[in-house]
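Structure record follows, encoded as structure tokens.
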Amino acid sequence: MSKKIGIEVSIACAEAAGLCDVDVVAAYPITPQTHIVEHLSEMVADGHLDAEFVPVESEHSAMSACIGSSAAGARTFTSTCSQGYALMSELCYIAASLRLPIVMAVANRALSAPINIWNDHADLMYARDTGWVQIIAENGQEVVDLTIQAFRIAEDPNISFPVQVNLDGFTLSHMIEPLTIPDKAEVQKYLPPFKPKFYLDPSNPMTLGAVGMPDIYTEARKAQDEAFKATLPYIEKAWDEFGKQFGRQYKPVETYKADDAETILISMGSLSETAMTAVDHLRAKGKKVGLARIRLFRPFPAEALFAAIKNAKNVIVLDRVTSFTGGHVSGPVALEVKSILWDRKCYPKLRNFLVGLGGRDTTVENFEEMLEKVAASKDDGVAPAYEFINVRE
Amino acid sequence: MGIASEALKNFKGFNLKNLPEVEPVSPGHRACQGCGEVLALRQAMKALGTNVVVLSATGCMEIITSPFPQTAWRVPWLHVAFENAAAVASGTESAFKALNRKGKINHPDTVFVAYGGDGATADIGMQALSGALERGHNFIYFCFDNEAYMNTGIQRSSSTPYGAATTTSPAGKKSIGQSTWKKNMAAIAVAHGAPYVATASPAYPIDLMNKVKKASLVPGPAYIHIYSPCPTGWRCGIDESIEVAKLAVQSKVFPLYEVIDGEYFLSRKVAKPKPVSEYFKPQRRFRHLTEAEVAKIQARVDLEYETLLKRCVTEKKETEKPEKEASVK
């Protein structure tokens with residue numbers, strides 16, 4: 001039986017990985033991810049989880065060990081964020097190209113400099129071109145559910161790509177929330193045993209990670225691209241089956257009061273919870289505002305997002321990262337949105353705001369300010385590619 | 001008795017009569033003519049047989065054996081990146097441990113091998129190797145030392161010997177070539193408490209294969225530093241690899257020894273050492289050196305060999321019959 005308990009989200013994330021009966025965890029500590037791996041090592045030490053915990057000497061080695069483990073056919077989990085992600089990123093590309101179904105929880109944190117341990121989406125965006133499935137949690141229950149689903153998604157032979165579960169550092173990772181933790185038997189029913197097609201087997205030797213000369217590299221990359229393009233329906237299938245079994249339905253894009261909205265906010269992660277409060281507040285003032293929350297960033301759910309925003313007059317895209325484009329190109333989420341709108345010849349007024357960097361709070365008042373800026377802006381000339389919100393000048 | 005001595009107490013080695021026929025690294029790879037490194041790799045893999053998983057660093061041995069869709073490997077082999085073969089091996093070894101324990105596979109005796117060149121080992125992969133050695137994973141690490149980044153075009157590494165000219169330590173009016181002394185990787189492995197550490201050379205194949213076999217029998221991490229002549233990078237003749245490798249041992253430049261549970265054993269005593277100048281002669285990477293520089297290097301080689309002899313407190317009988325072994329040419 002599932003049970004509802006008050007639990008810190010990081011601990012719940014580790015419990016969820018444990019319910020999936022992971023074989024190997026290789027991880028290196030970094031704030032604010034630490035509670036996840038601490039709890040996993042504790043579960044192994046106490047005999048609650050039959051797994052090898054490899055306390056590696058760096059994140060680079062964490063992902064290296066995960067690759068070696070997953071290639072041997074073991075269900076493999078790790079967790080990191082920020083600088084740790086940056087250090088391991090070289091290997092993240094390789095994990096995806098080798099089609100290894102590693103699951104990684106990223107307790108999203110800002111990138112240096114200045115060094116800052118608090119939450120934004122710099123690491124999430126750093127990972128966007130690696131070929132990993134990127135899913136973003138909004139609250140603690142989602143962290144538990146998405147972690148379980150991540151193994152199912154990653155190991156689906158129709159997918160076979162690594163999966164990143166993003167949870168905002170501190171604002172989500174360190175919260176204590178009442179969460180429903182599924183029963184292990186239920187999880188096993190949902191998640192079949194990992195049966196890889198290609199793995200390191202002495203009785204059936206295979207060469208993995210061969211050299212790709214110019215005569216084959218393009219074909220290899222196209223094959224990977226085709227495989228990644230084909231993942232979306234299977235991800236949705238994994239979510240639908242989870243919904244049927246556990247009663248909690250997940251979608252690539254969720255909307256809130258968006259149907260009749262003139263202005264739609266687009267957000268990701270725990271900030272969406274504040275955004276919903278802001279929508280209620282603004283609706284009470286008579287403003288027709290709605291919200292589209294992106295849960296799946298890679299593969300990008302273009303059709304679902306377009307369906308959510310196509311009737312809006314104004315679109316406000318929130319980016320939680322500075323991407324230093326030189327000022328005339330928008331932030332990464334806004335770029336995706338602009339791309340799908342342009343391709344579909346739909347041109348609402350679109351504004352991109354950079355918010356919530358390095359642990360800076362984003363308040364309901366900030367959302368009001370964004371709305372005012374959009375109302376005041378005219379359609380003539382070139383609109384600013386992005387603007388900072390809640391910043392001292 | 002330490003864990004390595006315990007594991008090796010009934011060790012029966014290879015000799016010319018019982019060499020295994022198995023060739024885990026098949027012919028037809030793309031190594032340069034006269035490559036001493038691939039010869040060492042072949043010998044090492046022959047000693048291990050087929051119940052192995054090989055984790056390769058980026059480098060010559062990776063490139064020449066795996067150009068898709070061809071492969072020279074008849075055993076499971078994974079290449080990930082340049083600096084992380086030891087870390088990858090720690091993941092694979094852990095996976096096999098967990099999967100065997102949980103009854104998901106049945107390969108309890110598989111040997112895990114990680115290898116890299118001297119750059120992948122002594123420079124960029126040092127941290128990953130240190131971590132894997134310290135954590136005590138049951139694996140073997142081979143460093144195939146050809147004393148520079150040969151795959152990228154002969155750039156210096158921390159394993160390049162003093163005085164050698166490379167493309168990034170060129171000899172010139174104001175440079176004698178490499179200006180630093182070679183990093184002692186075997187000593188670094190010993191300092192980690194690895195139960196089995198050895199040096200080996202493809203010019204002494206039986207010795208090399210026995211060391212590899214021993215490394216596979218010892219529980220925990222084992223490190224073998226393998227001298228790997230590179231005619232392309234050392235600018236010697238393609239038929240001189242083995243000759244140069246022999247001279248390296250005979251001139252005390254690359255002594256062969258084992259360190260079992262921290263105790264040093266000399267594998268091959270050099271009774272009448274040849275001068276380093278004789279070792280340098282076939283290699284054009286050293287030809288710019290003045291007599292004074294050669295004398296300086298000779299003094300250093302003598303000193304290092306003396307230091308090694310002092311460490312070899314115990315003389316081991318079975319490995320002390322050097323001249324009886326046939327060496328390949």
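In the structure tokens, chains take the letters A, B, ... in the order shown, each chain's residues start at 1, and ligands count up from 1 in the order shown.
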
Identify, on the basis of only C-alpha atoms, every residue whose closest approach to B:Ser169 does not exceed 8 Å; exclude the query and any residue fewer than 2 positions from it along the same chain; express the result as a compact mmCIF listing (two decimals) with N, CA and C atoms, in the first residue's frame.
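Saved result, part_16.txt, follows:
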```
# COMPACT_ATOMS: atom_id res chain seq x y z
N GLN B 155 53.43 14.93 -28.37
CA GLN B 155 53.59 16.03 -27.41
C GLN B 155 54.09 15.47 -26.07
N ARG B 156 54.79 16.29 -25.31
CA ARG B 156 55.36 15.81 -24.06
C ARG B 156 54.26 15.51 -23.02
N ALA B 164 64.34 14.27 -23.74
CA ALA B 164 63.73 13.81 -24.99
C ALA B 164 63.09 14.97 -25.73
N ALA B 165 63.29 15.00 -27.04
CA ALA B 165 62.64 16.02 -27.85
C ALA B 165 61.25 15.54 -28.25
N THR B 166 60.25 16.37 -27.99
CA THR B 166 58.90 16.08 -28.47
C THR B 166 58.42 17.33 -29.20
N THR B 167 57.20 17.30 -29.73
CA THR B 167 56.73 18.47 -30.47
C THR B 167 56.36 19.63 -29.55
N ALA B 171 63.88 20.34 -28.84
CA ALA B 171 65.24 20.75 -28.55
C ALA B 171 65.55 21.98 -29.38
N SER B 175 66.74 25.14 -25.36
CA SER B 175 66.00 24.02 -24.77
C SER B 175 66.74 22.72 -25.01
N GLY B 177 65.15 20.03 -24.78
CA GLY B 177 64.04 19.08 -24.94
C GLY B 177 63.28 19.05 -23.63
N GLN B 178 62.74 17.89 -23.27
CA GLN B 178 62.00 17.78 -21.99
C GLN B 178 62.91 18.21 -20.84
N SER B 179 62.42 19.13 -20.02
CA SER B 179 63.29 19.70 -18.99
C SER B 179 62.97 19.16 -17.60
```

Selection near stretch 258-272 of chain B, 10 Å with only C-alpha atoms, sequence-local residues under 5 positions removed, as a PyMOL selection string: chain B and resi 1-6+8+186-187+189-200+207+211+214-215+218+222-224+249-252+305+308-323

Quick one: distance from atom CA of B:Phe142 to atom CA of B:Lys46 in Å, one decimal?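 Between atom CA of B:Phe142 and atom CA of B:Lys46 the gap is 13.9 Å.
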
With only C-alpha atoms counted and 9 Å as the cut-off, give the residues of chain A in contact with chain B, each with its shortest interatomic distance in Å and the pair that gives it, as a Markdown table.
```
| residue | atom | partner | partner_atom | distance |
| --- | --- | --- | --- | --- |
| A:Asp23 | CA | B:Ala98 | CA | 5.9 |
| A:Val24 | CA | B:Ala95 | CA | 6.2 |
| A:Val25 | CA | B:Gly91 | CA | 8.9 |
| A:Ala26 | CA | B:Gly91 | CA | 7.5 |
| A:Asp50 | CA | B:Ala98 | CA | 7.5 |
| A:Ala51 | CA | B:Ala98 | CA | 5.9 |
| A:Glu52 | CA | B:Ser94 | CA | 6.0 |
| A:Phe53 | CA | B:Ser94 | CA | 8.2 |
| A:Val54 | CA | B:Ser94 | CA | 7.5 |
| A:Pro55 | CA | B:Arg135 | CA | 8.1 |
| A:Val56 | CA | B:Gly131 | CA | 6.6 |
| A:Glu57 | CA | B:Gly131 | CA | 5.6 |
| A:Ser58 | CA | B:Ala128 | CA | 8.1 |
| A:His60 | CA | B:Asn84 | CA | 7.9 |
| A:Ser61 | CA | B:Ala87 | CA | 5.2 |
| A:Ala62 | CA | B:Ala87 | CA | 7.6 |
| A:Met63 | CA | B:Val88 | CA | 8.3 |
| A:Ser64 | CA | B:Val88 | CA | 4.8 |
| A:Ala65 | CA | B:Gly91 | CA | 3.8 |
| A:Cys66 | CA | B:Gly91 | CA | 5.8 |
| A:Ile67 | CA | B:Val88 | CA | 6.5 |
| A:Gly68 | CA | B:Thr92 | CA | 4.5 |
| A:Ser69 | CA | B:Thr92 | CA | 4.4 |
| A:Ser70 | CA | B:Ala95 | CA | 7.6 |
| A:Ala71 | CA | B:Thr92 | CA | 7.4 |
| A:Ala72 | CA | B:Thr92 | CA | 5.9 |
| A:Gly73 | CA | B:Ala95 | CA | 7.5 |
| A:Ala74 | CA | B:Ala95 | CA | 5.5 |
| A:Arg75 | CA | B:Ala95 | CA | 8.5 |
| A:Thr76 | CA | B:Ala95 | CA | 8.6 |
| A:Glu90 | CA | B:Ala81 | CA | 8.5 |
| A:Leu91 | CA | B:Ala81 | CA | 7.5 |
| A:Ile94 | CA | B:Val80 | CA | 6.9 |
| A:Ala95 | CA | B:Val80 | CA | 8.5 |
| A:Leu98 | CA | B:Val80 | CA | 8.9 |
| A:Tyr199 | CA | B:Pro76 | CA | 8.4 |
| A:Leu200 | CA | B:Pro76 | CA | 5.4 |
| A:Asp201 | CA | B:Pro76 | CA | 6.2 |
| A:Pro202 | CA | B:Asn51 | CA | 5.5 |
| A:Ser203 | CA | B:Asn51 | CA | 7.8 |
| A:Asn204 | CA | B:Pro76 | CA | 7.5 |
| A:Pro205 | CA | B:Pro76 | CA | 4.2 |
| A:Met206 | CA | B:Pro76 | CA | 4.8 |
| A:Thr207 | CA | B:Trp77 | CA | 4.9 |
| A:Leu208 | CA | B:Leu78 | CA | 4.7 |
| A:Gly209 | CA | B:His79 | CA | 4.7 |
| A:Ala210 | CA | B:Ser66 | CA | 5.0 |
| A:Val211 | CA | B:Pro67 | CA | 4.7 |
| A:Gly212 | CA | B:Phe68 | CA | 5.8 |
| A:Met213 | CA | B:Pro67 | CA | 7.1 |
| A:Ile216 | CA | B:Phe68 | CA | 7.8 |
```

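Among the candidates A:Trp118, A:Phe194, A:Tyr217, A:Phe297, the residue lying nearest to A:Gln33 is A:Trp118 (atoms considered: only C-alpha atoms).
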
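Between atom CA of B:Asp239 and atom CA of B:Met150 lies a distance of 18.2 Å.
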
Might you pull out every residue within 10 Å of A:Ala14, with only C-alpha atoms counted and same-chain residues fewer than 5 positions away left off, and present them as number ranges by chain? A: 9, 19-20, 35-43, 77-79, 105, 143-144, 147

I need the chosen residues saved as a PDB file, in the first residue's frame, with N, CA and C atoms.
```pdb
ATOM      1  N   VAL A   9      12.095  16.283   0.609  1.00  0.00           N
ATOM      2  CA  VAL A   9      12.002  15.880  -0.795  1.00  0.00           C
ATOM      3  C   VAL A   9      13.253  15.111  -1.254  1.00  0.00           C
ATOM      4  N   LEU A  19      13.176   2.276  -4.251  1.00  0.00           N
ATOM      5  CA  LEU A  19      12.001   1.468  -4.627  1.00  0.00           C
ATOM      6  C   LEU A  19      12.190   0.847  -6.010  1.00  0.00           C
ATOM      7  N   CYS A  20      13.011   1.511  -6.827  1.00  0.00           N
ATOM      8  CA  CYS A  20      13.278   0.990  -8.173  1.00  0.00           C
ATOM      9  C   CYS A  20      14.380  -0.068  -8.156  1.00  0.00           C
ATOM     10  N   HIS A  35      21.754  15.467   0.361  1.00  0.00           N
ATOM     11  CA  HIS A  35      20.840  14.607   1.131  1.00  0.00           C
ATOM     12  C   HIS A  35      20.376  13.396   0.318  1.00  0.00           C
ATOM     13  N   ILE A  36      20.321  13.562  -0.991  1.00  0.00           N
ATOM     14  CA  ILE A  36      19.873  12.453  -1.843  1.00  0.00           C
ATOM     15  C   ILE A  36      20.875  11.299  -1.752  1.00  0.00           C
ATOM     16  N   VAL A  37      22.164  11.626  -1.959  1.00  0.00           N
ATOM     17  CA  VAL A  37      23.165  10.540  -1.985  1.00  0.00           C
ATOM     18  C   VAL A  37      23.500  10.053  -0.573  1.00  0.00           C
ATOM     19  N   GLU A  38      23.419  10.954   0.399  1.00  0.00           N
ATOM     20  CA  GLU A  38      23.626  10.513   1.788  1.00  0.00           C
ATOM     21  C   GLU A  38      22.599   9.439   2.148  1.00  0.00           C
ATOM     22  N   HIS A  39      21.360   9.713   1.779  1.00  0.00           N
ATOM     23  CA  HIS A  39      20.313   8.765   2.152  1.00  0.00           C
ATOM     24  C   HIS A  39      20.461   7.443   1.406  1.00  0.00           C
ATOM     25  N   LEU A  40      20.891   7.520   0.149  1.00  0.00           N
ATOM     26  CA  LEU A  40      21.106   6.273  -0.597  1.00  0.00           C
ATOM     27  C   LEU A  40      22.223   5.447   0.029  1.00  0.00           C
ATOM     28  N   SER A  41      23.319   6.107   0.422  1.00  0.00           N
ATOM     29  CA  SER A  41      24.426   5.351   1.030  1.00  0.00           C
ATOM     30  C   SER A  41      23.981   4.764   2.371  1.00  0.00           C
ATOM     31  N   GLU A  42      23.111   5.490   3.052  1.00  0.00           N
ATOM     32  CA  GLU A  42      22.570   4.993   4.322  1.00  0.00           C
ATOM     33  C   GLU A  42      21.706   3.749   4.094  1.00  0.00           C
ATOM     34  N   MET A  43      20.891   3.795   3.050  1.00  0.00           N
ATOM     35  CA  MET A  43      20.031   2.645   2.736  1.00  0.00           C
ATOM     36  C   MET A  43      20.868   1.410   2.412  1.00  0.00           C
ATOM     37  N   PHE A  77      22.047   4.866 -10.929  1.00  0.00           N
ATOM     38  CA  PHE A  77      21.511   6.172 -10.511  1.00  0.00           C
ATOM     39  C   PHE A  77      22.635   7.064 -10.018  1.00  0.00           C
ATOM     40  N   THR A  78      22.505   8.352 -10.275  1.00  0.00           N
ATOM     41  CA  THR A  78      23.409   9.317  -9.659  1.00  0.00           C
ATOM     42  C   THR A  78      22.673  10.635  -9.466  1.00  0.00           C
ATOM     43  N   SER A  79      23.337  11.558  -8.838  1.00  0.00           N
ATOM     44  CA  SER A  79      22.737  12.860  -8.597  1.00  0.00           C
ATOM     45  C   SER A  79      23.839  13.894  -8.507  1.00  0.00           C
ATOM     46  N   ALA A 105      19.296  12.593 -10.750  1.00  0.00           N
ATOM     47  CA  ALA A 105      18.530  13.683 -10.153  1.00  0.00           C
ATOM     48  C   ALA A 105      19.438  14.900 -10.072  1.00  0.00           C
ATOM     49  N   VAL A 143       8.683  14.827  -7.684  1.00  0.00           N
ATOM     50  CA  VAL A 143      10.049  14.293  -7.602  1.00  0.00           C
ATOM     51  C   VAL A 143      10.004  12.774  -7.412  1.00  0.00           C
ATOM     52  N   VAL A 144       9.153  12.330  -6.499  1.00  0.00           N
ATOM     53  CA  VAL A 144       9.015  10.888  -6.245  1.00  0.00           C
ATOM     54  C   VAL A 144       8.526  10.180  -7.511  1.00  0.00           C
ATOM     55  N   THR A 147      10.978  10.315 -10.529  1.00  0.00           N
ATOM     56  CA  THR A 147      12.160   9.461 -10.356  1.00  0.00           C
ATOM     57  C   THR A 147      11.823   8.025 -10.734  1.00  0.00           C
TER      58      THR A 147
END
```

Would you work out the distance separating atom CA of A:Asp145 from atom CA of A:Ile117, expressed in Å to one decimal?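 For atom CA of A:Asp145 relative to atom CA of A:Ile117, the distance reads 25.5 Å.
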
How would you write, as JSON, numbers by chain, the set of residues in stretch 52-271 of chain A that DSSP gives as strand (DSSP E)? {"A": [52, 53, 54, 55, 76, 77, 78, 79, 80, 103, 104, 105, 106, 107, 108, 133, 134, 135, 136, 163, 164, 165, 166, 167, 168, 176, 177, 178, 179, 180, 181, 207, 208, 253, 254, 255, 256, 263, 264, 265, 266, 267]}

Selection: 8 Å around A:Gln83, only C-alpha atoms, excl. self and same-chain fewer than 2 positions, as a list in words: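 With the cut-off at 8 Å, the set is Cys81, Tyr85, Ala86, Leu87, Leu111, Ser112 and Asp123 of chain A.
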
9 Å contact set for A:Arg248, only C-alpha atoms, chain neighbours under 5 positions out, as a CSV table (one decimal) with N, CA and C atoms, in the first residue's frame:
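What landed in around.csv:
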```csv
chain,number,residue,atom,x,y,z
A,145,ASP,N,7.4,10.7,-8.1
A,145,ASP,CA,6.8,10.0,-9.2
A,145,ASP,C,7.8,10.1,-10.4
A,239,TRP,N,3.9,7.8,-18.8
A,239,TRP,CA,3.1,8.7,-17.9
A,239,TRP,C,1.6,8.3,-17.8
A,240,ASP,N,1.1,7.9,-19.0
A,240,ASP,CA,-0.3,7.5,-19.0
A,240,ASP,C,-0.5,6.2,-18.1
A,242,PHE,N,1.4,5.2,-15.7
A,242,PHE,CA,1.6,5.6,-14.3
A,242,PHE,C,0.3,6.2,-13.8
A,243,GLY,N,-0.3,7.0,-14.6
A,243,GLY,CA,-1.6,7.7,-14.2
A,243,GLY,C,-2.7,6.6,-13.9
```

Extract, using only C-alpha atoms, all DNA, RNA and protein residues at most 7 Å from stretch 10-22 of chain B, discarding same-chain residues fewer than 5 positions from it, and format them as a VMD selection string. chain B and resid 46 49 206 210

Among stretch 54-256 of chain B, which residues carry a DSSP assignment of helix (DSSP H, G or I), reported as an MDAnalysis selection string? chainID B and resid 60:63 85:101 118:123 126:135 185:191 205:217 231:234 241:250

Please provide as a PyMOL selection string all residues within 12 Å of A:Val163, with the sequence filter that same-chain residues fewer than 5 positions apart are discarded (counting only C-alpha atoms). chain A and resi 76-79+92+95-96+99-106+127-128+130-136+146-156+228+231+235+296-299

Selection from above, C-alpha atoms, as a PDB file, in the first residue's frame, can you write it?
```
ATOM      1  CA  THR A  76      22.255   2.927 -12.338  1.00  0.00           C
ATOM      2  CA  PHE A  77      21.511   6.172 -10.511  1.00  0.00           C
ATOM      3  CA  THR A  78      23.409   9.317  -9.659  1.00  0.00           C
ATOM      4  CA  SER A  79      22.737  12.860  -8.597  1.00  0.00           C
ATOM      5  CA  CYS A  92      26.866  13.127 -20.240  1.00  0.00           C
ATOM      6  CA  ALA A  95      26.176   8.415 -21.955  1.00  0.00           C
ATOM      7  CA  ALA A  96      23.429   9.580 -24.308  1.00  0.00           C
ATOM      8  CA  ARG A  99      22.161   4.987 -25.307  1.00  0.00           C
ATOM      9  CA  LEU A 100      22.668   4.137 -21.635  1.00  0.00           C
ATOM     10  CA  PRO A 101      19.546   4.457 -19.455  1.00  0.00           C
ATOM     11  CA  ILE A 102      21.195   6.161 -16.476  1.00  0.00           C
ATOM     12  CA  VAL A 103      18.905   8.179 -14.203  1.00  0.00           C
ATOM     13  CA  MET A 104      20.233  11.349 -12.609  1.00  0.00           C
ATOM     14  CA  ALA A 105      18.530  13.683 -10.153  1.00  0.00           C
ATOM     15  CA  VAL A 106      19.769  17.253 -10.563  1.00  0.00           C
ATOM     16  CA  ALA A 127      22.607  20.001 -20.213  1.00  0.00           C
ATOM     17  CA  ARG A 128      20.109  20.839 -22.920  1.00  0.00           C
ATOM     18  CA  THR A 130      23.545  16.474 -24.384  1.00  0.00           C
ATOM     19  CA  GLY A 131      20.839  14.124 -25.667  1.00  0.00           C
ATOM     20  CA  TRP A 132      19.366  13.344 -22.240  1.00  0.00           C
ATOM     21  CA  VAL A 133      15.649  13.316 -21.573  1.00  0.00           C
ATOM     22  CA  GLN A 134      15.119  16.300 -19.250  1.00  0.00           C
ATOM     23  CA  ILE A 135      12.123  16.320 -16.939  1.00  0.00           C
ATOM     24  CA  ILE A 136      11.411  19.070 -14.424  1.00  0.00           C
ATOM     25  CA  LEU A 146       9.221  11.369 -11.868  1.00  0.00           C
ATOM     26  CA  THR A 147      12.160   9.461 -10.356  1.00  0.00           C
ATOM     27  CA  ILE A 148      10.250   6.180 -10.626  1.00  0.00           C
ATOM     28  CA  GLN A 149       9.005   7.052 -14.101  1.00  0.00           C
ATOM     29  CA  ALA A 150      12.541   8.053 -15.141  1.00  0.00           C
ATOM     30  CA  PHE A 151      13.786   4.451 -14.928  1.00  0.00           C
ATOM     31  CA  ARG A 152      10.785   3.218 -16.889  1.00  0.00           C
ATOM     32  CA  ILE A 153      11.335   5.887 -19.541  1.00  0.00           C
ATOM     33  CA  ALA A 154      15.118   5.442 -19.725  1.00  0.00           C
ATOM     34  CA  GLU A 155      14.987   1.641 -19.954  1.00  0.00           C
ATOM     35  CA  ASP A 156      12.107   1.433 -22.442  1.00  0.00           C
ATOM     36  CA  PHE A 228      15.569  10.809 -29.734  1.00  0.00           C
ATOM     37  CA  THR A 231      10.865   9.137 -27.751  1.00  0.00           C
ATOM     38  CA  ILE A 235       7.409   9.032 -22.597  1.00  0.00           C
ATOM     39  CA  LEU A 296       9.517  18.023 -20.346  1.00  0.00           C
ATOM     40  CA  PHE A 297      12.313  20.183 -21.725  1.00  0.00           C
ATOM     41  CA  ARG A 298      14.030  17.486 -23.815  1.00  0.00           C
ATOM     42  CA  PRO A 299      12.593  16.224 -26.070  1.00  0.00           C
TER      43      PRO A 299
END
```
